[in-house]
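Shown here: work-v7.tsv, TSV, C-alpha atoms and all ligand atoms.
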chain	number	residue	atom	x	y	z
A	251	MET	CA	-12.42	16.86	-44.74
A	252	THR	CA	-8.81	17.37	-45.82
A	253	PRO	CA	-7.11	19.80	-43.45
A	254	THR	CA	-5.50	22.94	-44.84
A	255	CYS	CA	-2.65	25.05	-43.48
A	256	ARG	CA	-4.13	27.75	-41.19
A	257	VAL	CA	-1.66	30.29	-42.48
A	258	CYS	CA	-1.26	29.79	-46.25
A	259	GLY	CA	-4.17	27.47	-47.06
A	260	THR	CA	-2.08	24.66	-48.57
A	261	LEU	CA	-3.83	21.29	-48.47
A	262	LEU	CA	-2.23	19.01	-45.92
A	263	ALA	CA	-1.79	15.33	-46.70
A	264	GLU	CA	-2.11	14.46	-43.03
A	265	ARG	CA	-2.59	16.10	-39.66
A	266	PRO	CA	0.80	17.26	-38.36
A	267	ASP	CA	1.75	15.60	-35.09
A	268	HIS	CA	2.56	18.88	-33.30
A	269	GLY	CA	-1.16	19.67	-33.25
A	270	LEU	CA	-0.94	22.94	-35.19
A	271	LEU	CA	-2.47	22.87	-38.65
A	272	LEU	CA	0.54	24.19	-40.53
A	273	CYS	CA	2.17	23.01	-43.74
A	274	PRO	CA	5.88	22.06	-43.49
A	275	ASP	CA	6.94	25.43	-45.01
A	276	CYS	CA	4.95	27.48	-42.48
A	277	ALA	CA	5.91	25.15	-39.63
A	278	SER	CA	9.57	25.74	-40.44
A	279	THR	CA	9.10	29.45	-39.55
A	280	VAL	CA	7.76	28.61	-36.07
A	281	HIS	CA	10.32	28.86	-33.30
A	282	ARG	CA	9.89	27.58	-29.78
A	283	ILE	CA	11.63	29.72	-27.19
A	284	SER	CA	14.63	27.80	-25.93
A	285	HIS	CA	17.14	28.31	-23.15
A	286	PRO	CA	19.13	30.25	-22.13
A	287	VAL	CA	16.59	32.94	-21.26
A	288	CYS	CA	16.45	35.81	-18.78
A	289	PRO	CA	15.35	34.19	-15.47
A	290	ILE	CA	12.77	36.94	-14.91
A	291	CYS	CA	11.13	37.88	-18.23
A	292	GLY	CA	12.14	34.85	-20.32
A	293	ASP	CA	13.76	36.94	-23.06
A	294	PRO	CA	16.17	34.72	-24.99
A	295	SER	CA	17.76	37.60	-26.95
A	296	HIS	CA	20.33	38.79	-24.46
A	297	ALA	CA	20.90	35.68	-22.45
A	298	GLU	CA	23.99	34.28	-24.12
A	299	ALA	CA	25.79	34.21	-20.82
A	300	GLY	CA	23.42	31.69	-19.26
A	301	ASN	CA	20.13	31.21	-17.49
A	302	SER	CA	21.13	32.98	-14.31
A	303	ILE	CA	21.93	36.30	-15.97
A	304	ARG	CA	19.15	38.89	-16.09
A	305	CYS	CA	18.56	40.77	-19.35
A	306	GLY	CA	19.34	44.49	-19.52
A	307	THR	CA	15.68	45.46	-19.06
A	308	CYS	CA	15.20	43.38	-15.90
A	309	ARG	CA	18.53	44.58	-14.53
A	310	THR	CA	17.42	48.20	-14.93
A	311	LYS	CA	13.99	47.78	-13.40
A	312	ASP	CA	12.27	44.81	-11.79
A	313	PRO	CA	8.98	44.05	-13.51
A	314	SER	CA	6.00	43.59	-11.17
A	315	PHE	CA	5.54	39.95	-12.19
A	316	ASP	CA	7.74	37.30	-10.59
A	317	ARG	CA	8.44	35.48	-13.81
A	318	ALA	CA	7.28	35.41	-17.43
A	319	ARG	CA	7.66	32.72	-20.05
A	320	ALA	CA	6.42	32.31	-23.61
A	321	ALA	CA	6.07	29.23	-25.78
A	322	PHE	CA	6.98	30.70	-29.17
A	323	ALA	CA	8.81	33.59	-30.79
A	324	TYR	CA	6.41	36.13	-32.29
A	325	THR	CA	7.67	35.60	-35.84
A	326	GLY	CA	6.76	33.91	-39.11
A	327	ALA	CA	3.64	31.77	-39.23
A	328	MET	CA	3.10	32.17	-35.47
A	329	ARG	CA	2.62	35.89	-35.93
A	330	ARG	CA	-0.05	35.26	-38.57
A	331	LEU	CA	-1.68	32.59	-36.42
A	332	ILE	CA	-1.94	35.01	-33.49
A	333	MET	CA	-3.46	37.66	-35.77
A	334	SER	CA	-6.04	35.13	-37.00
A	335	LEU	CA	-6.80	34.15	-33.43
A	336	LYS	CA	-7.21	37.81	-32.49
A	337	TYR	CA	-9.71	38.42	-35.24
A	338	GLY	CA	-11.59	35.18	-34.72
A	339	LEU	CA	-10.52	33.53	-37.96
A	340	CYS	CA	-9.21	30.37	-36.36
A	341	PHE	CA	-10.78	29.68	-32.98
A	342	ASP	CA	-9.66	26.06	-33.22
A	343	GLU	CA	-6.02	27.01	-32.86
A	344	ALA	CA	-6.55	28.15	-29.28
A	345	ARG	CA	-6.63	24.52	-28.22
A	346	PRO	CA	-3.21	23.31	-29.49
A	347	LEU	CA	-1.62	26.66	-28.60
A	348	GLY	CA	-3.07	26.64	-25.07
A	349	ARG	CA	-1.90	23.07	-24.57
A	350	ILE	CA	1.64	24.00	-25.54
A	351	MET	CA	1.45	26.99	-23.17
A	352	ALA	CA	0.38	24.71	-20.30
A	353	ALA	CA	3.22	22.33	-21.19
A	354	THR	CA	5.58	25.33	-20.99
A	355	VAL	CA	4.29	26.17	-17.48
A	356	ILE	CA	5.20	22.65	-16.43
A	357	SER	CA	8.53	22.35	-18.25
A	358	GLU	CA	9.65	25.75	-16.93
A	359	LYS	CA	8.67	24.63	-13.40
A	360	MET	CA	6.49	27.69	-12.97
A	361	ASP	CA	4.42	28.09	-9.81
A	362	PHE	CA	1.31	25.92	-9.80
A	363	PRO	CA	-1.30	28.70	-9.68
A	364	ASP	CA	-4.41	29.07	-7.52
A	365	VAL	CA	-6.12	30.82	-10.40
A	366	VAL	CA	-5.57	31.50	-14.12
A	367	VAL	CA	-6.38	35.05	-15.23
A	368	PRO	CA	-6.34	36.35	-18.82
A	369	VAL	CA	-5.24	39.90	-19.66
A	370	PRO	CA	-8.56	41.63	-20.39
A	371	LEU	CA	-9.58	43.61	-23.47
A	372	THR	CA	-11.37	46.94	-23.23
A	373	VAL	CA	-15.14	46.65	-23.16
A	374	PRO	CA	-15.64	48.32	-26.61
A	375	ARG	CA	-13.05	46.01	-28.18
A	376	MET	CA	-14.61	43.04	-26.49
A	377	VAL	CA	-18.06	44.03	-27.77
A	378	LYS	CA	-16.73	44.61	-31.30
A	379	ARG	CA	-14.82	41.35	-31.42
A	380	GLY	CA	-17.12	39.29	-29.29
A	381	TYR	CA	-14.37	37.48	-27.44
A	382	ASN	CA	-10.93	37.88	-25.95
A	383	GLN	CA	-8.14	35.78	-27.46
A	384	ALA	CA	-6.21	35.76	-24.16
A	385	ALA	CA	-9.29	34.35	-22.41
A	386	ARG	CA	-9.62	31.62	-25.06
A	387	LEU	CA	-6.01	30.60	-24.50
A	388	GLY	CA	-6.48	30.97	-20.73
A	389	LEU	CA	-9.42	28.58	-20.74
A	390	VAL	CA	-7.33	25.86	-22.39
A	391	VAL	CA	-4.35	26.52	-20.09
A	392	ALA	CA	-6.62	26.37	-17.01
A	393	ARG	CA	-8.22	23.12	-18.17
A	394	CYS	CA	-4.86	21.51	-18.90
A	395	LEU	CA	-3.51	22.52	-15.48
A	396	ARG	CA	-6.86	21.68	-13.80
A	397	ARG	CA	-6.96	25.08	-12.16
A	398	PRO	CA	-9.87	27.54	-12.14
A	399	LEU	CA	-10.05	30.33	-14.73
A	400	ASP	CA	-11.23	33.75	-13.59
A	401	ALA	CA	-11.73	35.87	-16.70
A	402	ARG	CA	-13.30	38.64	-14.62
A	403	MET	CA	-10.71	39.14	-11.92
A	404	LEU	CA	-8.92	41.83	-13.91
A	405	VAL	CA	-10.81	44.54	-15.74
A	406	ARG	CA	-9.56	47.11	-18.17
A	407	VAL	CA	-10.72	50.50	-17.05
A	408	ARG	CA	-8.96	52.51	-19.73
A	409	ASP	CA	-7.49	51.83	-23.17
A	410	PRO	CA	-3.87	52.86	-23.76
A	411	GLY	CA	-4.55	52.90	-27.53
A	412	PRO	CA	-2.27	51.19	-30.07
A	413	GLN	CA	1.06	50.42	-28.45
A	414	ASP	CA	2.96	49.31	-31.53
A	415	HIS	CA	5.38	52.16	-31.99
A	416	HIS	CA	6.23	52.98	-28.43
A	417	SER	CA	9.31	52.23	-26.40
A	418	ARG	CA	9.10	50.20	-23.19
A	419	ALA	CA	9.19	53.32	-21.02
A	420	GLU	CA	6.40	54.94	-23.05
A	421	ARG	CA	4.34	51.76	-22.93
A	422	LEU	CA	4.77	51.53	-19.17
A	423	ALA	CA	3.53	55.09	-18.79
A	424	ARG	CA	0.61	54.53	-21.15
A	425	VAL	CA	-0.67	51.35	-19.48
A	426	ARG	CA	-0.54	52.85	-15.99
A	427	GLY	CA	-4.02	52.97	-14.51
A	428	CYS	CA	-5.53	50.92	-17.36
A	429	PHE	CA	-6.29	47.86	-15.22
A	430	ALA	CA	-8.09	47.18	-11.97
A	431	VAL	CA	-9.10	44.18	-9.89
A	432	LYS	CA	-12.85	43.73	-10.03
A	433	GLU	CA	-14.50	44.83	-6.82
A	434	GLY	CA	-15.37	42.01	-4.48
A	435	THR	CA	-12.83	39.60	-6.00
A	436	SER	CA	-10.58	37.83	-3.55
A	437	VAL	CA	-6.95	37.88	-4.67
A	438	ASN	CA	-5.42	37.87	-1.22
A	439	GLY	CA	-2.57	35.38	-0.77
A	440	LYS	CA	-3.18	33.79	-4.19
A	441	SER	CA	-0.68	32.71	-6.77
A	442	VAL	CA	-1.95	34.02	-10.11
A	443	LEU	CA	-1.00	32.82	-13.58
A	444	LEU	CA	-1.59	35.66	-16.00
A	445	VAL	CA	-2.23	34.64	-19.62
A	446	ASP	CA	-1.66	36.70	-22.75
A	447	ASP	CA	-1.25	36.04	-26.46
A	448	VAL	CA	1.80	38.23	-27.08
A	449	LEU	CA	4.44	39.55	-24.72
A	450	THR	CA	6.07	42.56	-26.36
A	451	THR	CA	7.88	44.79	-23.89
A	452	GLY	CA	6.17	43.17	-20.91
A	453	ALA	CA	4.69	46.56	-19.91
A	454	THR	CA	1.08	45.35	-19.94
A	455	ALA	CA	1.90	42.15	-18.04
A	456	SER	CA	3.92	44.12	-15.49
A	457	GLU	CA	1.11	46.63	-14.95
A	458	CYS	CA	-1.47	43.82	-14.51
A	459	ALA	CA	0.84	42.02	-12.09
A	460	GLY	CA	1.36	45.24	-10.12
A	461	VAL	CA	-2.40	45.72	-9.77
A	462	LEU	CA	-2.87	42.10	-8.65
A	463	LYS	CA	-0.04	42.37	-6.12
A	464	LYS	CA	-1.46	45.58	-4.73
A	465	ALA	CA	-4.72	43.67	-4.24
A	466	GLY	CA	-2.80	41.07	-2.20
A	467	ALA	CA	-1.67	38.44	-4.73
A	468	ARG	CA	1.22	36.46	-3.28
A	469	ARG	CA	2.79	35.67	-6.62
A	470	VAL	CA	2.10	36.57	-10.24
A	471	GLU	CA	3.66	34.65	-13.11
A	472	VAL	CA	2.94	35.20	-16.79
A	473	ILE	CA	2.53	32.65	-19.55
A	474	ALA	CA	2.30	34.09	-23.06
A	475	CYS	CA	1.76	32.19	-26.26
A	476	THR	CA	4.43	34.24	-28.03
A	477	ARG	CA	7.00	36.88	-27.23
A	478	ALA	CA	8.81	39.46	-29.28
A	479	VAL	CA	12.41	38.41	-29.78
A	480	THR	CA	15.02	40.94	-30.78
A	481	GLY	CA	16.68	40.13	-34.07
A	482	ALA	CA	14.10	37.49	-35.01
B	501	ZN	ZN	1.38	26.98	-44.83
B	502	ZN	ZN	14.49	40.03	-18.52
Please go through the file and, once you have read it, give me the structure as structure tokens.
Ligand SMILES: [Zn+2]
Ligand SMILES: [Zn+2]
Amino acid sequence: MTPTCRVCGTLLAERPDHGLLLCPDCASTVHRISHPVCPICGDPSHAEAGNSIRCGTCRTKDPSFDRARAAFAYTGAMRRLIMSLKYGLCFDEARPLGRIMAATVISEKMDFPDVVVPVPLTVPRMVKRGYNQAARLGLVVARCLRRPLDARMLVRVRDPGPQDHHSRAERLARVRGCFAVKEGTSVNGKSVLLVDDVLTTGATASECAGVLKKAGARRVEVIACTRAVTGA
């Protein structure tokens, strides 16, 4: 069967070698995150001065995770691809995206984790959608890194509601108390790699990391497929 672009539907003459089914026009809107980035949250927007300089956000307040990195900017075709993944329209894309995320873990020399944990959805959302896109990506990342996936270590006990129009401070306040470590799970002394599809302000990732650390995690790093980039 002739492949078609996952975003605009254009017929593709051949399978692109980057693994993502995108036509050249859509592929040209996809941007890998490149250095320099903030050494903590991986934000490339304010890091002109170099890799060792923290961004304004991380200078003001340390996030609870040790480090976060993302493979792509949340723009252009990647934004549409993530939306399709979220709503189950292109399951297949989890594989190439997850592979690129695992490659990012290695190229960024992130900690080799004891366990890979996806950011959970709320139970009603999970029931409605039938699956969690972060868990799909997490499964591929875990397989590529040959580490175990624990999709049940973190649970969402409350839903902060849509976060789209809130500032970082508001998001932080709204996600507080939304996550918990599942009772009876052993997190003590472990290095956890948290997986999400989009890193926006980092509030959700920071809250999850805080909960994991409180439960005894030694280290929590975050790998996201995409991240919001100011001015992109
Ligand atoms: Zn296209
Ligand atoms: Zn930062």
Sorted by chain and rising residue number, which residues of chain A lie within 12 Å of ligand ZN 501 (chain B), and what are their closest atom pairs and distances in Å to one decimal, counting only C-alpha atoms and all ligand atoms, as a tab-separated table?
residue	atom	partner	partner_atom	distance
A:Pro253	CA	B:ZN501	ZN	11.2
A:Thr254	CA	B:ZN501	ZN	8.0
A:Cys255	CA	B:ZN501	ZN	4.7
A:Arg256	CA	B:ZN501	ZN	6.6
A:Val257	CA	B:ZN501	ZN	5.1
A:Cys258	CA	B:ZN501	ZN	4.1
A:Gly259	CA	B:ZN501	ZN	6.0
A:Thr260	CA	B:ZN501	ZN	5.6
A:Leu261	CA	B:ZN501	ZN	8.5
A:Leu262	CA	B:ZN501	ZN	8.8
A:Pro266	CA	B:ZN501	ZN	11.7
A:Leu270	CA	B:ZN501	ZN	10.7
A:Leu271	CA	B:ZN501	ZN	8.4
A:Leu272	CA	B:ZN501	ZN	5.2
A:Cys273	CA	B:ZN501	ZN	4.2
A:Pro274	CA	B:ZN501	ZN	6.8
A:Asp275	CA	B:ZN501	ZN	5.8
A:Cys276	CA	B:ZN501	ZN	4.3
A:Ala277	CA	B:ZN501	ZN	7.1
A:Ser278	CA	B:ZN501	ZN	9.4
A:Thr279	CA	B:ZN501	ZN	9.7
A:Val280	CA	B:ZN501	ZN	11.0
A:Gly326	CA	B:ZN501	ZN	10.5
A:Ala327	CA	B:ZN501	ZN	7.7
A:Met328	CA	B:ZN501	ZN	10.8
A:Arg330	CA	B:ZN501	ZN	10.5
A:Leu331	CA	B:ZN501	ZN	10.6
**OP:** Skip Leu443 of chain A itself and residues of its chain fewer than 3 positions away, then list as number ranges by chain all residues within 7 Å of it, counting all atoms listed in the file.
**Re:** A: 363, 365-367, 470-473
Subject >> Contact residues around segment 337-350 of chain A with only C-alpha atoms at 6 Å, ignoring same-chain residues under 4 positions, as number ranges by chain >> reply: A: 269, 387, 390-391
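Rounded to one decimal, atom CA of Pro374 of chain A and atom CA of Pro410 of chain A lie 12.9 Å from each other.
Among A:Lys336, A:Lys359, A:Arg317, A:Arg393, the residue with the shortest atom-to-atom distance to Ala455 of chain A, counting all atoms listed in the file, is A:Arg317.
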Sorted per-residue table, chain A near ligand ZN 502 (chain B), closest atoms and distance, 12 Å, only C-alpha atoms and all ligand atoms, as JSON lines:
{"residue": "A:Pro286", "atom": "CA", "partner": "B:ZN502", "partner_atom": "ZN", "distance": 11.4}
{"residue": "A:Val287", "atom": "CA", "partner": "B:ZN502", "partner_atom": "ZN", "distance": 7.9}
{"residue": "A:Cys288", "atom": "CA", "partner": "B:ZN502", "partner_atom": "ZN", "distance": 4.7}
{"residue": "A:Pro289", "atom": "CA", "partner": "B:ZN502", "partner_atom": "ZN", "distance": 6.6}
{"residue": "A:Ile290", "atom": "CA", "partner": "B:ZN502", "partner_atom": "ZN", "distance": 5.1}
{"residue": "A:Cys291", "atom": "CA", "partner": "B:ZN502", "partner_atom": "ZN", "distance": 4.0}
{"residue": "A:Gly292", "atom": "CA", "partner": "B:ZN502", "partner_atom": "ZN", "distance": 6.0}
{"residue": "A:Asp293", "atom": "CA", "partner": "B:ZN502", "partner_atom": "ZN", "distance": 5.5}
{"residue": "A:Pro294", "atom": "CA", "partner": "B:ZN502", "partner_atom": "ZN", "distance": 8.5}
{"residue": "A:Ser295", "atom": "CA", "partner": "B:ZN502", "partner_atom": "ZN", "distance": 9.4}
{"residue": "A:His296", "atom": "CA", "partner": "B:ZN502", "partner_atom": "ZN", "distance": 8.4}
{"residue": "A:Ala297", "atom": "CA", "partner": "B:ZN502", "partner_atom": "ZN", "distance": 8.7}
{"residue": "A:Asn301", "atom": "CA", "partner": "B:ZN502", "partner_atom": "ZN", "distance": 10.5}
{"residue": "A:Ser302", "atom": "CA", "partner": "B:ZN502", "partner_atom": "ZN", "distance": 10.6}
{"residue": "A:Ile303", "atom": "CA", "partner": "B:ZN502", "partner_atom": "ZN", "distance": 8.7}
{"residue": "A:Arg304", "atom": "CA", "partner": "B:ZN502", "partner_atom": "ZN", "distance": 5.4}
{"residue": "A:Cys305", "atom": "CA", "partner": "B:ZN502", "partner_atom": "ZN", "distance": 4.2}
{"residue": "A:Gly306", "atom": "CA", "partner": "B:ZN502", "partner_atom": "ZN", "distance": 6.7}
{"residue": "A:Thr307", "atom": "CA", "partner": "B:ZN502", "partner_atom": "ZN", "distance": 5.6}
{"residue": "A:Cys308", "atom": "CA", "partner": "B:ZN502", "partner_atom": "ZN", "distance": 4.3}
{"residue": "A:Arg309", "atom": "CA", "partner": "B:ZN502", "partner_atom": "ZN", "distance": 7.3}
{"residue": "A:Thr310", "atom": "CA", "partner": "B:ZN502", "partner_atom": "ZN", "distance": 9.4}
{"residue": "A:Lys311", "atom": "CA", "partner": "B:ZN502", "partner_atom": "ZN", "distance": 9.3}
{"residue": "A:Asp312", "atom": "CA", "partner": "B:ZN502", "partner_atom": "ZN", "distance": 8.5}
{"residue": "A:Pro313", "atom": "CA", "partner": "B:ZN502", "partner_atom": "ZN", "distance": 8.5}
{"residue": "A:Ser314", "atom": "CA", "partner": "B:ZN502", "partner_atom": "ZN", "distance": 11.8}
{"residue": "A:Phe315", "atom": "CA", "partner": "B:ZN502", "partner_atom": "ZN", "distance": 11.0}
{"residue": "A:Asp316", "atom": "CA", "partner": "B:ZN502", "partner_atom": "ZN", "distance": 10.8}
{"residue": "A:Arg317", "atom": "CA", "partner": "B:ZN502", "partner_atom": "ZN", "distance": 8.9}
{"residue": "A:Ala318", "atom": "CA", "partner": "B:ZN502", "partner_atom": "ZN", "distance": 8.6}
{"residue": "A:Arg319", "atom": "CA", "partner": "B:ZN502", "partner_atom": "ZN", "distance": 10.1}
{"residue": "A:Leu449", "atom": "CA", "partner": "B:ZN502", "partner_atom": "ZN", "distance": 11.8}
{"residue": "A:Thr450", "atom": "CA", "partner": "B:ZN502", "partner_atom": "ZN", "distance": 11.8}
{"residue": "A:Thr451", "atom": "CA", "partner": "B:ZN502", "partner_atom": "ZN", "distance": 9.8}
{"residue": "A:Gly452", "atom": "CA", "partner": "B:ZN502", "partner_atom": "ZN", "distance": 9.2}
{"residue": "A:Ala453", "atom": "CA", "partner": "B:ZN502", "partner_atom": "ZN", "distance": 11.9}
{"residue": "A:Ser456", "atom": "CA", "partner": "B:ZN502", "partner_atom": "ZN", "distance": 11.7}
{"residue": "A:Arg477", "atom": "CA", "partner": "B:ZN502", "partner_atom": "ZN", "distance": 11.9}
{"residue": "A:Val479", "atom": "CA", "partner": "B:ZN502", "partner_atom": "ZN", "distance": 11.6}
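Among the candidate residues A:Thr252, A:Ser284, A:Ser334, A:Thr454, the one lying nearest to Ala423 of chain A is A:Thr454, with distances computed using all atoms listed in the file.
Straight-line separation from atom CA of Arg265 of chain A to atom CA of His285 of chain A: 28.5 Å.
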Subject >> Coordinates-based distance that separates atom CA of Glu358 of chain A from atom CA of Asp400 of chain A (Å, one decimal) >> reply: 22.6 Å
